[in-house]
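Okay, my_file-v3.pdb now, which holds PDB, C-alpha atoms, pLDDT in the B column:
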ATOM      1  CA  ALA A   1       5.369  21.837  85.210  1.00 30.00           C
ATOM      2  CA  VAL A   2       5.505  20.858  81.594  1.00 28.00           C
ATOM      3  CA  GLY A   3       7.914  18.050  80.754  1.00 32.00           C
ATOM      4  CA  SER A   4      11.386  19.147  79.812  1.00 35.00           C
ATOM      5  CA  ASP A   5      11.251  17.187  76.580  1.00 39.00           C
ATOM      6  CA  GLY A   6       8.366  19.330  75.213  1.00 40.00           C
ATOM      7  CA  ALA A   7       8.686  19.088  71.431  1.00 44.00           C
ATOM      8  CA  ALA A   8      10.097  15.564  71.324  1.00 45.00           C
ATOM      9  CA  ALA A   9       7.402  14.219  73.647  1.00 42.00           C
ATOM     10  CA  ALA A  10       4.703  15.833  71.525  1.00 44.00           C
ATOM     11  CA  GLU A  11       5.412  13.358  68.711  1.00 66.00           C
ATOM     12  CA  SER A  12       2.918  10.771  69.933  1.00 86.00           C
ATOM     13  CA  PRO A  13      -0.750  11.511  70.668  1.00 87.00           C
ATOM     14  CA  GLU A  14      -0.384  10.005  74.154  1.00 91.00           C
ATOM     15  CA  ALA A  15       2.621  12.208  74.967  1.00 88.00           C
ATOM     16  CA  LEU A  16       0.821  15.289  73.620  1.00 87.00           C
ATOM     17  CA  LYS A  17      -2.218  14.472  75.783  1.00 91.00           C
ATOM     18  CA  HIS A  18       0.043  14.090  78.833  1.00 90.00           C
ATOM     19  CA  MET A  19       1.832  17.380  78.093  1.00 90.00           C
ATOM     20  CA  ILE A  20      -1.466  19.268  77.681  1.00 92.00           C
ATOM     21  CA  LYS A  21      -2.937  17.756  80.845  1.00 93.00           C
ATOM     22  CA  GLY A  22       0.112  18.796  82.886  1.00 92.00           C
ATOM     23  CA  PHE A  23       0.101  22.252  81.324  1.00 92.00           C
ATOM     24  CA  VAL A  24      -3.581  22.815  82.137  1.00 93.00           C
ATOM     25  CA  GLU A  25      -3.230  21.518  85.692  1.00 93.00           C
ATOM     26  CA  SER A  26      -0.254  23.767  86.474  1.00 93.00           C
ATOM     27  CA  GLY A  27      -1.800  26.696  84.586  1.00 93.00           C
ATOM     28  CA  VAL A  28      -5.121  26.585  86.439  1.00 94.00           C
ATOM     29  CA  ARG A  29      -3.303  26.333  89.792  1.00 95.00           C
ATOM     30  CA  GLY A  30      -1.043  29.225  88.857  1.00 94.00           C
ATOM     31  CA  ARG A  31       2.540  29.067  87.758  1.00 94.00           C
ATOM     32  CA  ARG A  32       5.435  31.413  88.476  1.00 94.00           C
ATOM     33  CA  LEU A  33       6.995  32.728  85.287  1.00 94.00           C
ATOM     34  CA  VAL A  34       9.011  35.732  84.189  1.00 94.00           C
ATOM     35  CA  ALA A  35       7.553  38.292  81.797  1.00 92.00           C
ATOM     36  CA  MET A  36      10.009  40.483  79.921  1.00 88.00           C
ATOM     37  CA  ARG A  37       9.318  44.211  80.212  1.00 82.00           C
ATOM     38  CA  ARG A  38       9.969  46.630  77.359  1.00 76.00           C
ATOM     39  CA  ASP A  39      13.081  47.879  79.138  1.00 78.00           C
ATOM     40  CA  GLY A  40      14.461  44.329  79.104  1.00 76.00           C
ATOM     41  CA  LYS A  41      14.061  43.824  82.834  1.00 85.00           C
ATOM     42  CA  PRO A  42      12.439  40.614  84.037  1.00 89.00           C
ATOM     43  CA  GLN A  43       9.101  40.915  85.854  1.00 90.00           C
ATOM     44  CA  PRO A  44       8.135  37.940  88.047  1.00 93.00           C
ATOM     45  CA  VAL A  45       4.497  37.047  87.349  1.00 95.00           C
ATOM     46  CA  ILE A  46       1.930  34.393  88.133  1.00 94.00           C
ATOM     47  CA  PHE A  47       0.443  32.830  84.991  1.00 95.00           C
ATOM     48  CA  ARG A  48      -3.065  31.410  85.399  1.00 96.00           C
ATOM     49  CA  LEU A  49      -5.267  29.693  82.863  1.00 96.00           C
ATOM     50  CA  THR A  50      -9.009  30.016  83.327  1.00 95.00           C
ATOM     51  CA  ARG A  51     -10.804  26.749  84.118  1.00 93.00           C
ATOM     52  CA  GLU A  52     -12.583  27.078  80.758  1.00 94.00           C
ATOM     53  CA  VAL A  53      -9.146  27.386  79.074  1.00 94.00           C
ATOM     54  CA  ASP A  54     -10.400  30.388  77.092  1.00 95.00           C
ATOM     55  CA  ALA A  55      -8.196  33.069  78.679  1.00 96.00           C
ATOM     56  CA  PHE A  56      -5.139  33.538  80.847  1.00 96.00           C
ATOM     57  CA  GLU A  57      -4.049  36.060  83.411  1.00 95.00           C
ATOM     58  CA  LEU A  58      -0.623  37.443  84.204  1.00 94.00           C
ATOM     59  CA  ALA A  59      -0.443  38.904  87.687  1.00 93.00           C
ATOM     60  CA  ALA A  60       2.621  40.723  88.945  1.00 89.00           C
ATOM     61  CA  GLU A  61       4.008  38.993  92.014  1.00 83.00           C
ATOM     62  CA  GLY A  62       3.164  41.103  95.014  1.00 77.00           C
ATOM     63  CA  GLY A  63      -0.414  41.750  93.870  1.00 71.00           C
ATOM     64  CA  HIS A  64      -0.019  44.953  91.837  1.00 74.00           C
ATOM     65  CA  GLY A  65      -2.836  44.216  89.371  1.00 80.00           C
ATOM     66  CA  TYR A  66      -3.129  41.710  86.583  1.00 86.00           C
ATOM     67  CA  GLN A  67      -3.644  41.496  82.856  1.00 90.00           C
ATOM     68  CA  ARG A  68      -6.332  39.185  81.457  1.00 94.00           C
ATOM     69  CA  VAL A  69      -5.875  37.959  77.899  1.00 95.00           C
ATOM     70  CA  GLU A  70      -8.744  36.278  76.066  1.00 95.00           C
ATOM     71  CA  LEU A  71      -7.508  33.546  73.729  1.00 96.00           C
ATOM     72  CA  MET A  72      -9.835  35.028  71.063  1.00 95.00           C
ATOM     73  CA  GLU A  73      -7.440  37.995  71.022  1.00 95.00           C
ATOM     74  CA  VAL A  74      -4.333  35.911  70.276  1.00 95.00           C
ATOM     75  CA  LEU A  75      -2.996  36.533  66.802  1.00 93.00           C
ATOM     76  CA  SER A  76       0.095  34.321  67.004  1.00 91.00           C
ATOM     77  CA  ILE A  77       2.366  32.536  69.449  1.00 92.00           C
ATOM     78  CA  CYS A  78       5.971  31.564  68.778  1.00 91.00           C
ATOM     79  CA  THR A  79       9.263  31.010  70.558  1.00 89.00           C
ATOM     80  CA  GLY A  80      11.785  33.800  70.768  1.00 85.00           C
ATOM     81  CA  GLY A  81      14.019  31.771  68.457  1.00 82.00           C
ATOM     82  CA  ASP A  82      11.483  32.022  65.620  1.00 82.00           C
ATOM     83  CA  ASP A  83      12.943  33.969  62.672  1.00 77.00           C
ATOM     84  CA  ALA A  84      10.025  36.427  62.519  1.00 73.00           C
ATOM     85  CA  ALA A  85      10.160  37.081  66.267  1.00 70.00           C
ATOM     86  CA  LEU A  86      13.899  37.695  66.171  1.00 68.00           C
ATOM     87  CA  ARG A  87      13.570  40.006  63.173  1.00 71.00           C
ATOM     88  CA  ASP A  88      10.589  41.973  64.550  1.00 73.00           C
ATOM     89  CA  LEU A  89      11.362  42.062  68.264  1.00 71.00           C
ATOM     90  CA  SER A  90      15.084  41.685  68.898  1.00 65.00           C
ATOM     91  CA  GLU A  91      15.565  45.465  69.193  1.00 69.00           C
ATOM     92  CA  THR A  92      12.457  46.114  71.308  1.00 68.00           C
ATOM     93  CA  VAL A  93      12.768  43.075  73.605  1.00 72.00           C
ATOM     94  CA  PRO A  94      16.344  42.831  74.893  1.00 69.00           C
ATOM     95  CA  GLY A  95      17.392  39.269  75.732  1.00 75.00           C
ATOM     96  CA  LEU A  96      14.880  37.599  73.404  1.00 81.00           C
ATOM     97  CA  ASP A  97      15.996  34.017  72.724  1.00 86.00           C
ATOM     98  CA  VAL A  98      14.817  30.397  72.388  1.00 90.00           C
ATOM     99  CA  SER A  99      13.864  30.293  76.090  1.00 93.00           C
ATOM    100  CA  CYS A 100      11.151  32.901  75.467  1.00 91.00           C
ATOM    101  CA  ALA A 101       7.583  32.594  74.216  1.00 93.00           C
ATOM    102  CA  VAL A 102       6.051  35.546  72.369  1.00 91.00           C
ATOM    103  CA  VAL A 103       2.267  36.075  72.338  1.00 93.00           C
ATOM    104  CA  ASP A 104       1.060  38.608  69.742  1.00 90.00           C
ATOM    105  CA  LEU A 105      -2.410  40.040  70.305  1.00 93.00           C
ATOM    106  CA  ARG A 106      -4.889  41.449  67.786  1.00 93.00           C
ATOM    107  CA  ASP A 107      -4.728  44.915  69.367  1.00 94.00           C
ATOM    108  CA  GLY A 108      -0.976  45.158  68.678  1.00 88.00           C
ATOM    109  CA  ARG A 109       0.216  44.254  72.187  1.00 88.00           C
ATOM    110  CA  CYS A 110       2.950  41.678  72.565  1.00 88.00           C
ATOM    111  CA  ILE A 111       3.664  39.604  75.671  1.00 91.00           C
ATOM    112  CA  THR A 112       7.048  37.951  76.089  1.00 91.00           C
ATOM    113  CA  ILE A 113       7.571  35.283  78.731  1.00 93.00           C
ATOM    114  CA  ARG A 114      10.941  33.772  79.645  1.00 93.00           C
ATOM    115  CA  PHE A 115      11.212  30.127  80.698  1.00 93.00           C
ATOM    116  CA  ALA A 116      13.988  28.185  82.406  1.00 93.00           C
ATOM    117  CA  THR A 117      14.607  26.078  79.288  1.00 94.00           C
ATOM    118  CA  PRO A 118      13.892  26.235  75.546  1.00 94.00           C
ATOM    119  CA  SER A 119      11.813  23.036  75.832  1.00 93.00           C
ATOM    120  CA  GLU A 120       9.495  24.708  78.390  1.00 94.00           C
ATOM    121  CA  ALA A 121       9.047  27.633  75.992  1.00 94.00           C
ATOM    122  CA  ARG A 122       8.245  25.223  73.128  1.00 93.00           C
ATOM    123  CA  ALA A 123       5.714  23.330  75.282  1.00 93.00           C
ATOM    124  CA  PHE A 124       4.040  26.636  76.280  1.00 95.00           C
ATOM    125  CA  VAL A 125       3.822  27.710  72.634  1.00 95.00           C
ATOM    126  CA  ARG A 126       2.479  24.337  71.508  1.00 94.00           C
ATOM    127  CA  CYS A 127      -0.223  24.142  74.206  1.00 95.00           C
ATOM    128  CA  MET A 128      -1.291  27.779  73.930  1.00 95.00           C
ATOM    129  CA  MET A 129      -1.521  27.511  70.120  1.00 94.00           C
ATOM    130  CA  ILE A 130      -3.802  24.490  70.463  1.00 94.00           C
ATOM    131  CA  PHE A 131      -6.011  26.277  73.026  1.00 95.00           C
ATOM    132  CA  ALA A 132      -6.197  29.546  71.056  1.00 95.00           C
ATOM    133  CA  GLN A 133      -7.024  27.752  67.794  1.00 94.00           C
ATOM    134  CA  GLU A 134      -9.739  25.707  69.496  1.00 94.00           C
ATOM    135  CA  VAL A 135     -11.363  28.749  71.159  1.00 94.00           C
ATOM    136  CA  GLN A 136     -11.229  30.698  67.900  1.00 92.00           C
ATOM    137  CA  ARG A 137     -12.679  27.760  65.939  1.00 92.00           C
ATOM    138  CA  GLU A 138     -15.526  27.314  68.453  1.00 91.00           C
ATOM    139  CA  ARG A 139     -16.391  31.008  68.419  1.00 85.00           C
ATOM    140  CA  GLY A 140     -16.023  31.476  64.685  1.00 78.00           C
ATOM    141  CA  ALA A 141     -13.016  33.790  64.583  1.00 60.00           C
TER     142      ALA A 141
END

Represent the structure of the file as structure tokens.
Amino acid sequence: AVGSDGAAAAESPEALKHMIKGFVESGVRGRRLVAMRRDGKPQPVIFRLTREVDAFELAAEGGHGYQRVELMEVLSICTGGDDAALRDLSETVPGLDVSCAVVDLRDGRCITIRFATPSEARAFVRCMMIFAQEVQRERGA
């Protein structure tokens, strides 16, 4: 799991490297998270990063299909405490707060994931932003 001091630890390059390494290792193995459904109900999911770190999958626990998201398709990522997220999503995503990460996709879809702590949400946002920007830079998006 990502360190609980997410944003503070990311101050130094060494701490950022450590945070990213831990995030990738747990992401590739698969990590239990909670996605927020449109009706506000939590949906237990398994989050998996691809080994190439160019996409992720969210699979409903119990094996009822999965959703693959290419990082090329990511428009923005923020915490649920971000002013724009609160303004745009607070009515459509009940329970949105600083313990959530919001992934906006180019096709208009929005994925909201709830974490145990705000620092885990911040670490997720920070790492996924770095990965998405790198993939998009490499592929000329």

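Compared by their closest atoms to His64 (chain A), and using only C-alpha atoms, the residues A:Ala84, A:Cys78, A:Ile46, A:Val103 rank with A:Ile46 nearest.
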
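Residue neighbourhood of region 52-54 of chain A, excluding near-sequence residues (fewer than 2 positions): Val24, Val28, Leu49, Thr50, Phe56, Val69, Glu70, Leu71, Met72, Phe131, Ala132, Glu134 and Val135 of chain A, at 9 Å, using all atoms listed in the file.
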
Export of prior selection with C-alpha atoms as a compact mmCIF listing (two decimals), keeping the file's coordinate frame:
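What landed in again-v8.txt:
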# COMPACT_ATOMS: atom_id res chain seq x y z
CA VAL A 24 -3.58 22.82 82.14
CA VAL A 28 -5.12 26.58 86.44
CA LEU A 49 -5.27 29.69 82.86
CA THR A 50 -9.01 30.02 83.33
CA PHE A 56 -5.14 33.54 80.85
CA VAL A 69 -5.88 37.96 77.90
CA GLU A 70 -8.74 36.28 76.07
CA LEU A 71 -7.51 33.55 73.73
CA MET A 72 -9.84 35.03 71.06
CA PHE A 131 -6.01 26.28 73.03
CA ALA A 132 -6.20 29.55 71.06
CA GLU A 134 -9.74 25.71 69.50
CA VAL A 135 -11.36 28.75 71.16

> Where does the PyMOL selection byres ((chain A and resi 36) around 9) land in this file, that is, which residues does it pick, as number ranges by chain?
Replying inline: A: 34-35, 37-44, 93-96, 100, 111-114

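By all atoms listed in the file, and with residues fewer than 5 positions from Leu58 (chain A) along its chain excluded, the set lying at most 6 Å from it is Ile46, Phe47, Tyr66 and Gln67 of chain A.
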
>> Can you pull out the residues contacting Arg48 (chain A)? Cut-off 9 Å, using only C-alpha atoms, and skip same-chain residues under 5 positions away; I want them as a list in words.
In response: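 Everything that qualifies: Ser26, Gly27, Val28, Arg29, Gly30, Arg31, Ala55, Phe56, Glu57, Leu58 and Ala59 of chain A.
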
> Any idea what the distance is between CA of Arg106 (chain A) and CA of Asp88 (chain A)?
Replying inline: 15.8 Å

>> Would you compute the distance between CA of Phe115 (chain A) and CA of Glu73 (chain A)? Give it in Å to one decimal.
In response: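 Going from CA of Phe115 (chain A) over to CA of Glu73 (chain A) covers 22.4 Å.
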
>> Can you measure CA of Gly22 (chain A) to CA of Gly65 (chain A) for me? One decimal in Å is fine.
In response: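 Spanning CA of Gly22 (chain A) to CA of Gly65 (chain A) is a straight-line distance of 26.4 Å.
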
> Which residue out of A:Ser12, A:Ala60, A:Phe23, A:Asp82 has the minimum interatomic distance to Glu120 (chain A) when only C-alpha atoms are used?
Replying inline: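 Comparing A:Ser12, A:Ala60, A:Phe23, A:Asp82 against Glu120 (chain A), the winner is A:Phe23.
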
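Using all atoms listed in the file, the nearest neighbour of Val74 (chain A) within the list A:Val45, A:Glu14, A:Arg87, A:Met129 is A:Met129.
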
>> Take the PyMOL selection byres ((chain A and resi 81) around 8), run it mentally on this structure, and tell me the resulting residues as a list in words.
In response: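 On the file shown, the PyMOL selection byres ((chain A and resi 81) around 8) covers Thr79, Gly80, Asp82, Asp83, Ala85, Leu86, Leu96, Asp97, Val98, Ser99 and Cys100 of chain A.
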
With 4 Å of padding per side, what axis-aligned box (centre and edge lengths, Å, one decimal) covers all the listed atoms of region 113-124 of chain A? Give it as AutoDock Vina command-line options.
--center_x 9.3 --center_y 29.2 --center_z 77.8 --size_x 18.6 --size_y 20.2 --size_z 17.3

Could region 42-71 of chain A be completed with N, CA and C atoms and written as a short mmCIF file (atom, residue, chain, number, x, y, z; two decimals), keeping the file's coordinate frame, please?
data_model
loop_
_atom_site.label_atom_id
_atom_site.label_comp_id
_atom_site.auth_asym_id
_atom_site.auth_seq_id
_atom_site.Cartn_x
_atom_site.Cartn_y
_atom_site.Cartn_z
N PRO A 42 13.40 41.69 83.76
CA PRO A 42 12.44 40.61 84.04
C PRO A 42 11.42 41.05 85.08
N GLN A 43 10.17 40.61 84.91
CA GLN A 43 9.10 40.92 85.85
C GLN A 43 8.50 39.59 86.31
N PRO A 44 8.75 39.18 87.56
CA PRO A 44 8.14 37.94 88.05
C PRO A 44 6.61 38.06 88.02
N VAL A 45 5.96 37.05 87.46
CA VAL A 45 4.50 37.05 87.35
C VAL A 45 3.95 35.67 87.71
N ILE A 46 2.65 35.65 87.98
CA ILE A 46 1.93 34.39 88.13
C ILE A 46 1.06 34.24 86.89
N PHE A 47 1.24 33.15 86.18
CA PHE A 47 0.44 32.83 84.99
C PHE A 47 -0.68 31.91 85.44
N ARG A 48 -1.92 32.26 85.08
CA ARG A 48 -3.06 31.41 85.40
C ARG A 48 -3.94 31.24 84.18
N LEU A 49 -4.28 30.01 83.89
CA LEU A 49 -5.27 29.69 82.86
C LEU A 49 -6.64 29.69 83.52
N THR A 50 -7.66 30.14 82.80
CA THR A 50 -9.01 30.02 83.33
C THR A 50 -9.41 28.54 83.27
N ARG A 51 -10.34 28.14 84.12
CA ARG A 51 -10.80 26.75 84.12
C ARG A 51 -11.41 26.36 82.78
N GLU A 52 -11.99 27.33 82.07
CA GLU A 52 -12.58 27.08 80.76
C GLU A 52 -11.52 27.01 79.66
N VAL A 53 -10.29 27.34 80.01
CA VAL A 53 -9.15 27.39 79.07
C VAL A 53 -9.49 28.27 77.86
N ASP A 54 -10.09 29.44 78.16
CA ASP A 54 -10.40 30.39 77.09
C ASP A 54 -9.71 31.74 77.30
N ALA A 55 -8.93 31.84 78.39
CA ALA A 55 -8.20 33.07 78.68
C ALA A 55 -7.09 32.74 79.67
N PHE A 56 -6.15 33.67 79.81
CA PHE A 56 -5.14 33.54 80.85
C PHE A 56 -4.91 34.89 81.49
N GLU A 57 -4.38 34.85 82.68
CA GLU A 57 -4.05 36.06 83.41
C GLU A 57 -2.57 36.05 83.76
N LEU A 58 -1.98 37.23 83.72
CA LEU A 58 -0.62 37.44 84.20
C LEU A 58 -0.73 38.45 85.33
N ALA A 59 -0.38 38.02 86.52
CA ALA A 59 -0.44 38.90 87.69
C ALA A 59 0.97 39.14 88.20
N ALA A 60 1.31 40.40 88.40
CA ALA A 60 2.62 40.72 88.94
C ALA A 60 2.71 40.15 90.35
N GLU A 61 3.83 39.50 90.66
CA GLU A 61 4.01 38.99 92.01
C GLU A 61 3.99 40.17 92.97
N GLY A 62 3.30 40.01 94.07
CA GLY A 62 3.16 41.10 95.01
C GLY A 62 1.80 41.76 94.91
N GLY A 63 0.97 41.30 93.95
CA GLY A 63 -0.41 41.75 93.87
C GLY A 63 -0.65 43.14 93.32
N HIS A 64 0.17 43.62 92.41
CA HIS A 64 -0.02 44.95 91.84
C HIS A 64 -0.79 44.87 90.53
N GLY A 65 -2.00 44.30 90.56
CA GLY A 65 -2.84 44.22 89.37
C GLY A 65 -2.51 43.01 88.50
N TYR A 66 -3.34 42.82 87.50
CA TYR A 66 -3.13 41.71 86.58
C TYR A 66 -3.64 42.08 85.20
N GLN A 67 -3.22 41.31 84.23
CA GLN A 67 -3.64 41.50 82.86
C GLN A 67 -4.34 40.22 82.42
N ARG A 68 -5.59 40.34 81.96
CA ARG A 68 -6.33 39.18 81.46
C ARG A 68 -6.28 39.22 79.93
N VAL A 69 -5.97 38.07 79.35
CA VAL A 69 -5.88 37.96 77.90
C VAL A 69 -6.82 36.86 77.43
N GLU A 70 -7.81 37.25 76.65
CA GLU A 70 -8.74 36.28 76.07
C GLU A 70 -8.03 35.58 74.91
N LEU A 71 -8.18 34.27 74.81
CA LEU A 71 -7.51 33.55 73.73
C LEU A 71 -8.08 33.92 72.36
#
